[in-house]
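Below is one structure, written out as structure tokens; comments come after it.
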Amino acid sequence: MNGPQDLGGQMGFGSVAPEKDEPYFHAAWERRALGVTLCAGAMGAWNIDESRHARESLHPADYYSSSYYQIWIKALETLLKRHGFVSERDLAAGKAVDPATTPKRVLKAENVPDVLAKGGPCDRPVATPARFGPGDLVRTKNFHPTGHTRLPRYARGKQGVVEAVRDGFVFPDDNAHGQGENPQWVYTVVFDGAEIWGEGADPTLTISIDAWESYLEPA
Amino acid sequence: MSHDHDHDNELDPFAARVRALETILTQKGLIDPAAIDVIVDTYETKIGPRNGAKVVAKAWVDPDFATWLKRDATAAIGSLGYTGRQGEHMQAVFNAADTHNLVVCTLCSCYPWSVLGLPPVWYKAPPYRSRAVIDPRGVLEEFGLTLPATTKIRVWDSTAELRYLVVPMRPKGTEDWSEERLADLVTRDAMIGTGLARVPA
């Protein structure tokens with residue numbers, strides 16, 4: 001979706017303002033927000049693509065005025081309601097009022113090290129051979145899906161060169177919406193700065209994205 | 001905990017909102033609050049940019065490891081024990097005399113947690129995510145880094161599940177340094193590309 005998350009090339013947000021010796025957390029609640037989000041995800045009711053889509057589906061005004069952990073928590077409430085774990089009445093009361101769906105699993109403290117060390121690999125075998133190879137000229141599609149996609153707007157309809165064929169990976173545009181993993185080949189595609197930004201582009205700049213095969217056509 | 005003043009009080013509505021959510025999920029038996037403690041402790045004390053610095057230092061002193069890192073970063077990094085969440089599929093990109101690499105995630109906040117830990121706030125915020133791809137030199141200036149006008153800049157937008165680690169150039173004058181000493185020169189920002197390795201004093 002052309003949502004608030006798709007930030008590449010937008011203007012007006014000001015300077016980056018790196019913070020010297022930045023702490024990992026700026027408030028105690030951020031620690032709990034990280035942990036609650038990971039524990040809730042570990043129930044196995046949704047995947048990372050659905051959770052990314054829940055975050056980018058916040059109203060733009062809300063997204064831009066929220067810190068990242070606030071975005072996580074707001075999206076988490078949506079996911080928990082969608083999957084029947086938490087109700088509006090629970091949230092209004094600040095305690096459990098309604099019964100919850102049974103989760104696939106509950107992450108216990110003793111299992112955390114193993115679960116974090118294992119992560120969630122999302123490479124998958126793809127039955128068909130890769131359509132493109134290194135050096136191939138490709139053009140990204142120009143599309144504007146209303147659902148989740150990982151092709152940023154600034155890189156749509158642009159010509160680039162395939163630099164590397166990666167692995168087969170779960171296709172987020174489907175996986176975010178419960179339509180299956182449908183893995184595709186992923187390619188690193190490089191664009192000249194001028195192809196993306198046109199007049200005035202930094203002549204020394206190249207930009208790459210990692211693109212699923214269906215984002216690309218031969219150029 | 002390294003951060004000793006507590007902002008989590010009754011006056012902060014967001015703190016109350018997170019606490020309520022944790023309470024509801026705990027009461028329903030959906031989460032184990034002790035698991036949250038372990039997760040927080042892991043990312044606050046065990047997994048951080050020190051991991052990535054060791055990877056870079058090893059690549060500087062061991063050409064075979066550097067070749068492996070270039071070819072299969074996930075396996076090479078895994079051989080040092082750094083695996084797991086948000087580091088499942090790693091790619092190392094090497095700075096060269098004429099090329100500087102910079103990593104961003106314009107669409108969310110993808111970051112190689114297994115080698116760099118949790119991302120800093122600026123990495124997740126709109127100014128960096130919007131400008132790194134269109135004005136990388138301007139962004140680098142804000143980190144105090146001015147590159148020669150002829151240096152090529154390659155920006156890697158982490159749009160899929162590959163996570164990028166920048167291997168900065170080894171500073172001059174460190175030829176006889178041990179891996180351990182070299183690792184102290186490798187900052188988090190150098191491994192994102194918003195900095196260079198520290199120069200020995």
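In the structure tokens, chains take letters A, B, ... by order of appearance, with residues numbered from 1 within each chain and ligands from 1 in the order shown.
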If you take only C-alpha atoms and a cut-off of 7 Å, which residues of chain A touch chain B, and what are their nearest atom pairs and distances in Å to one decimal, in chain and number order, as a Markdown table?
| residue | atom | partner | partner_atom | distance |
| --- | --- | --- | --- | --- |
| A:Gln5 | CA | B:Leu107 | CA | 5.2 |
| A:Asp6 | CA | B:Leu107 | CA | 5.0 |
| A:Leu7 | CA | B:Ser130 | CA | 4.7 |
| A:Gly8 | CA | B:Ser130 | CA | 4.3 |
| A:Gly9 | CA | B:Ser130 | CA | 5.0 |
| A:Gln10 | CA | B:Ser130 | CA | 5.2 |
| A:Met11 | CA | B:Ser130 | CA | 6.9 |
| A:Phe13 | CA | B:Pro127 | CA | 5.0 |
| A:Gly14 | CA | B:Pro127 | CA | 5.8 |
| A:Ser15 | CA | B:Pro127 | CA | 5.9 |
| A:Val16 | CA | B:Pro127 | CA | 5.2 |
| A:Ala17 | CA | B:Trp122 | CA | 6.9 |
| A:Pro18 | CA | B:Trp122 | CA | 6.0 |
| A:Tyr24 | CA | B:Glu44 | CA | 6.7 |
| A:Ala27 | CA | B:His7 | CA | 5.3 |
| A:Ala28 | CA | B:Asp8 | CA | 5.5 |
| A:Trp29 | CA | B:Ala15 | CA | 5.2 |
| A:Arg31 | CA | B:Val40 | CA | 6.0 |
| A:Arg32 | CA | B:Ile36 | CA | 6.7 |
| A:Ala33 | CA | B:Val18 | CA | 6.3 |
| A:Gly35 | CA | B:Ile36 | CA | 4.4 |
| A:Val36 | CA | B:Ile36 | CA | 6.5 |
| A:Cys39 | CA | B:Ile31 | CA | 6.1 |
| A:Ala40 | CA | B:Ile31 | CA | 6.8 |
| A:Tyr68 | CA | B:Lys124 | CA | 6.6 |
| A:Asp90 | CA | B:Ile24 | CA | 6.9 |
| A:Gly94 | CA | B:Ala20 | CA | 4.8 |
| A:Lys95 | CA | B:Ile24 | CA | 4.7 |
| A:Ala96 | CA | B:Ile24 | CA | 4.7 |
| A:Ala100 | CA | B:Lys28 | CA | 7.0 |
| A:Val106 | CA | B:Leu30 | CA | 5.9 |
| A:Leu107 | CA | B:Ile31 | CA | 6.5 |
| A:Lys108 | CA | B:Ala35 | CA | 5.6 |
| A:Ala109 | CA | B:Ala35 | CA | 3.7 |
| A:Val112 | CA | B:Ala35 | CA | 6.4 |
| A:Leu116 | CA | B:Arg85 | CA | 5.4 |
| A:Ala117 | CA | B:Gly84 | CA | 4.0 |
| A:Lys118 | CA | B:Gly84 | CA | 4.7 |
| A:Gly119 | CA | B:Arg85 | CA | 3.7 |
| A:Gly120 | CA | B:Arg85 | CA | 6.3 |
| A:Pro121 | CA | B:Glu88 | CA | 5.4 |
| A:Arg150 | CA | B:Thr159 | CA | 5.8 |
| A:Thr204 | CA | B:Lys152 | CA | 4.6 |
| A:Leu205 | CA | B:Ile153 | CA | 4.9 |
| A:Thr206 | CA | B:Arg154 | CA | 4.9 |
| A:Ile207 | CA | B:Val155 | CA | 4.7 |
| A:Ser208 | CA | B:Trp156 | CA | 5.1 |
| A:Ile209 | CA | B:Asp157 | CA | 5.1 |
| A:Asp210 | CA | B:Thr159 | CA | 5.5 |
Inset, instruction - Run DSSP on the backbone of this structure and report the residues of segment 62-215 of chain A it assigns to helix (DSSP H, G or I), as number ranges by chain. - result: A: 62-64, 68-82, 88-93, 109-118, 153-155, 172-175, 193-197, 213-215
Restrict the selected residues to C-alpha atoms and save them as a short mmCIF file (atom, residue, chain, number, x, y, z; two decimals), in the first residue's frame.
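Here's the written file part.cif:
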data_model
loop_
_atom_site.label_atom_id
_atom_site.label_comp_id
_atom_site.auth_asym_id
_atom_site.auth_seq_id
_atom_site.Cartn_x
_atom_site.Cartn_y
_atom_site.Cartn_z
CA ASP A 62 -0.83 8.53 13.82
CA TYR A 63 2.19 6.76 12.26
CA TYR A 64 4.21 9.95 11.92
CA TYR A 68 8.59 3.08 16.75
CA TYR A 69 7.68 1.19 19.92
CA GLN A 70 4.37 3.07 19.97
CA ILE A 71 3.77 1.94 16.39
CA TRP A 72 4.53 -1.63 17.47
CA ILE A 73 2.07 -1.54 20.35
CA LYS A 74 -0.73 0.08 18.35
CA ALA A 75 -0.32 -2.52 15.61
CA LEU A 76 -0.09 -5.29 18.19
CA GLU A 77 -3.48 -4.29 19.64
CA THR A 78 -4.95 -4.57 16.15
CA LEU A 79 -3.44 -8.03 15.63
CA LEU A 80 -4.55 -9.29 19.04
CA LYS A 81 -8.11 -8.13 18.38
CA ARG A 82 -8.15 -9.51 14.84
CA GLU A 88 -12.20 -3.86 23.12
CA ARG A 89 -13.75 -4.60 26.50
CA ASP A 90 -10.45 -6.01 27.78
CA LEU A 91 -8.59 -2.92 26.61
CA ALA A 92 -11.18 -0.54 28.08
CA ALA A 93 -11.05 -2.35 31.42
CA ALA A 109 11.07 -17.88 29.82
CA GLU A 110 13.22 -21.01 29.65
CA ASN A 111 12.62 -21.33 25.90
CA VAL A 112 13.49 -17.73 25.01
CA PRO A 113 17.23 -18.29 24.31
CA ASP A 114 16.48 -21.12 21.87
CA VAL A 115 13.66 -19.27 20.15
CA LEU A 116 15.75 -16.12 19.66
CA ALA A 117 18.77 -18.12 18.51
CA LYS A 118 16.65 -19.96 15.96
CA ARG A 153 7.23 3.71 -4.55
CA TYR A 154 10.50 5.44 -5.44
CA ALA A 155 11.66 2.25 -7.17
CA PRO A 172 5.17 -10.93 1.63
CA ASP A 173 2.46 -9.47 -0.62
CA ASP A 174 0.52 -12.76 -0.24
CA ASN A 175 1.75 -13.88 3.15
CA GLY A 193 20.76 7.55 -8.74
CA ALA A 194 19.71 9.45 -11.87
CA GLU A 195 17.24 6.71 -12.90
CA ILE A 196 15.48 7.11 -9.56
CA TRP A 197 15.82 10.82 -8.80
CA GLU A 213 10.65 -11.95 -9.02
CA SER A 214 7.09 -10.83 -9.71
CA TYR A 215 8.15 -7.21 -9.09
#
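Counting only C-alpha atoms and comparing B:Gly173, B:Trp113, B:Arg71, B:Pro200, the residue that lies closest to Leu185 of chain B is B:Pro200.
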Inset, instruction - Would you list, as number ranges by chain, the residues of chain B that end up in strand (DSSP E or B) under DSSP run on this structure's backbone? - result: B: 90-94, 96, 99-104, 152-157, 163-167
Print the selection's residues with N, CA and C atoms to a file, as a CSV table (one decimal), in the first residue's frame.
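So selection-v4.csv came out as:
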chain,number,residue,atom,x,y,z
B,90,MET,N,22.1,-13.2,6.2
B,90,MET,CA,23.0,-12.1,6.3
B,90,MET,C,23.7,-11.9,5.0
B,91,GLN,N,24.1,-10.6,4.7
B,91,GLN,CA,24.9,-10.2,3.6
B,91,GLN,C,25.9,-9.2,4.1
B,92,ALA,N,27.2,-9.4,3.8
B,92,ALA,CA,28.2,-8.5,4.2
B,92,ALA,C,28.6,-7.7,3.0
B,93,VAL,N,28.7,-6.4,3.1
B,93,VAL,CA,29.1,-5.5,2.0
B,93,VAL,C,30.4,-4.7,2.4
B,94,PHE,N,31.4,-4.7,1.6
B,94,PHE,CA,32.7,-4.3,1.9
B,94,PHE,C,33.0,-2.9,1.4
B,96,ALA,N,35.4,0.0,0.0
B,96,ALA,CA,36.6,0.0,-0.7
B,96,ALA,C,37.1,1.4,-0.8
B,99,THR,N,34.5,3.2,-2.9
B,99,THR,CA,33.1,2.9,-2.6
B,99,THR,C,32.7,2.9,-1.2
B,100,HIS,N,31.7,3.6,-0.8
B,100,HIS,CA,31.2,3.6,0.6
B,100,HIS,C,29.8,3.0,0.5
B,101,ASN,N,29.5,2.1,1.5
B,101,ASN,CA,28.2,1.5,1.6
B,101,ASN,C,27.4,2.0,2.7
B,102,LEU,N,26.1,2.2,2.5
B,102,LEU,CA,25.2,2.7,3.5
B,102,LEU,C,23.9,1.9,3.5
B,103,VAL,N,23.5,1.5,4.7
B,103,VAL,CA,22.3,0.6,4.8
B,103,VAL,C,21.1,1.3,5.4
B,104,VAL,N,19.9,1.1,4.8
B,104,VAL,CA,18.7,1.7,5.3
B,104,VAL,C,17.6,0.7,5.1
B,152,LYS,N,32.2,6.8,-4.6
B,152,LYS,CA,30.9,6.3,-5.0
B,152,LYS,C,30.1,5.8,-3.8
B,153,ILE,N,28.9,6.1,-3.8
B,153,ILE,CA,28.0,5.8,-2.6
B,153,ILE,C,27.0,4.7,-3.1
B,154,ARG,N,27.0,3.6,-2.4
B,154,ARG,CA,26.0,2.6,-2.7
B,154,ARG,C,25.1,2.5,-1.4
B,155,VAL,N,23.8,2.7,-1.7
B,155,VAL,CA,22.8,2.6,-0.6
B,155,VAL,C,22.1,1.3,-0.8
B,156,TRP,N,22.0,0.5,0.3
B,156,TRP,CA,21.3,-0.8,0.3
B,156,TRP,C,20.0,-0.6,1.0
B,157,ASP,N,18.9,-0.6,0.3
B,157,ASP,CA,17.6,-0.6,1.0
B,157,ASP,C,17.1,-2.0,1.3
B,163,ARG,N,19.7,-9.1,5.6
B,163,ARG,CA,20.1,-8.1,6.6
B,163,ARG,C,21.6,-7.8,6.3
B,164,TYR,N,21.9,-6.5,6.2
B,164,TYR,CA,23.2,-6.1,5.7
B,164,TYR,C,24.1,-5.6,6.8
B,165,LEU,N,25.4,-6.1,6.7
B,165,LEU,CA,26.5,-5.6,7.6
B,165,LEU,C,27.5,-5.0,6.7
B,166,VAL,N,27.8,-3.7,7.0
B,166,VAL,CA,28.9,-3.0,6.3
B,166,VAL,C,30.3,-3.4,7.0
B,167,VAL,N,31.2,-3.8,6.1
B,167,VAL,CA,32.6,-4.0,6.6
B,167,VAL,C,33.4,-2.8,6.2
Inset, instruction - Record the distance separating atom CA of Pro99 of chain A and atom CA of Phe85 of chain A, expressed in Å with one decimal. - result: 7.7 Å
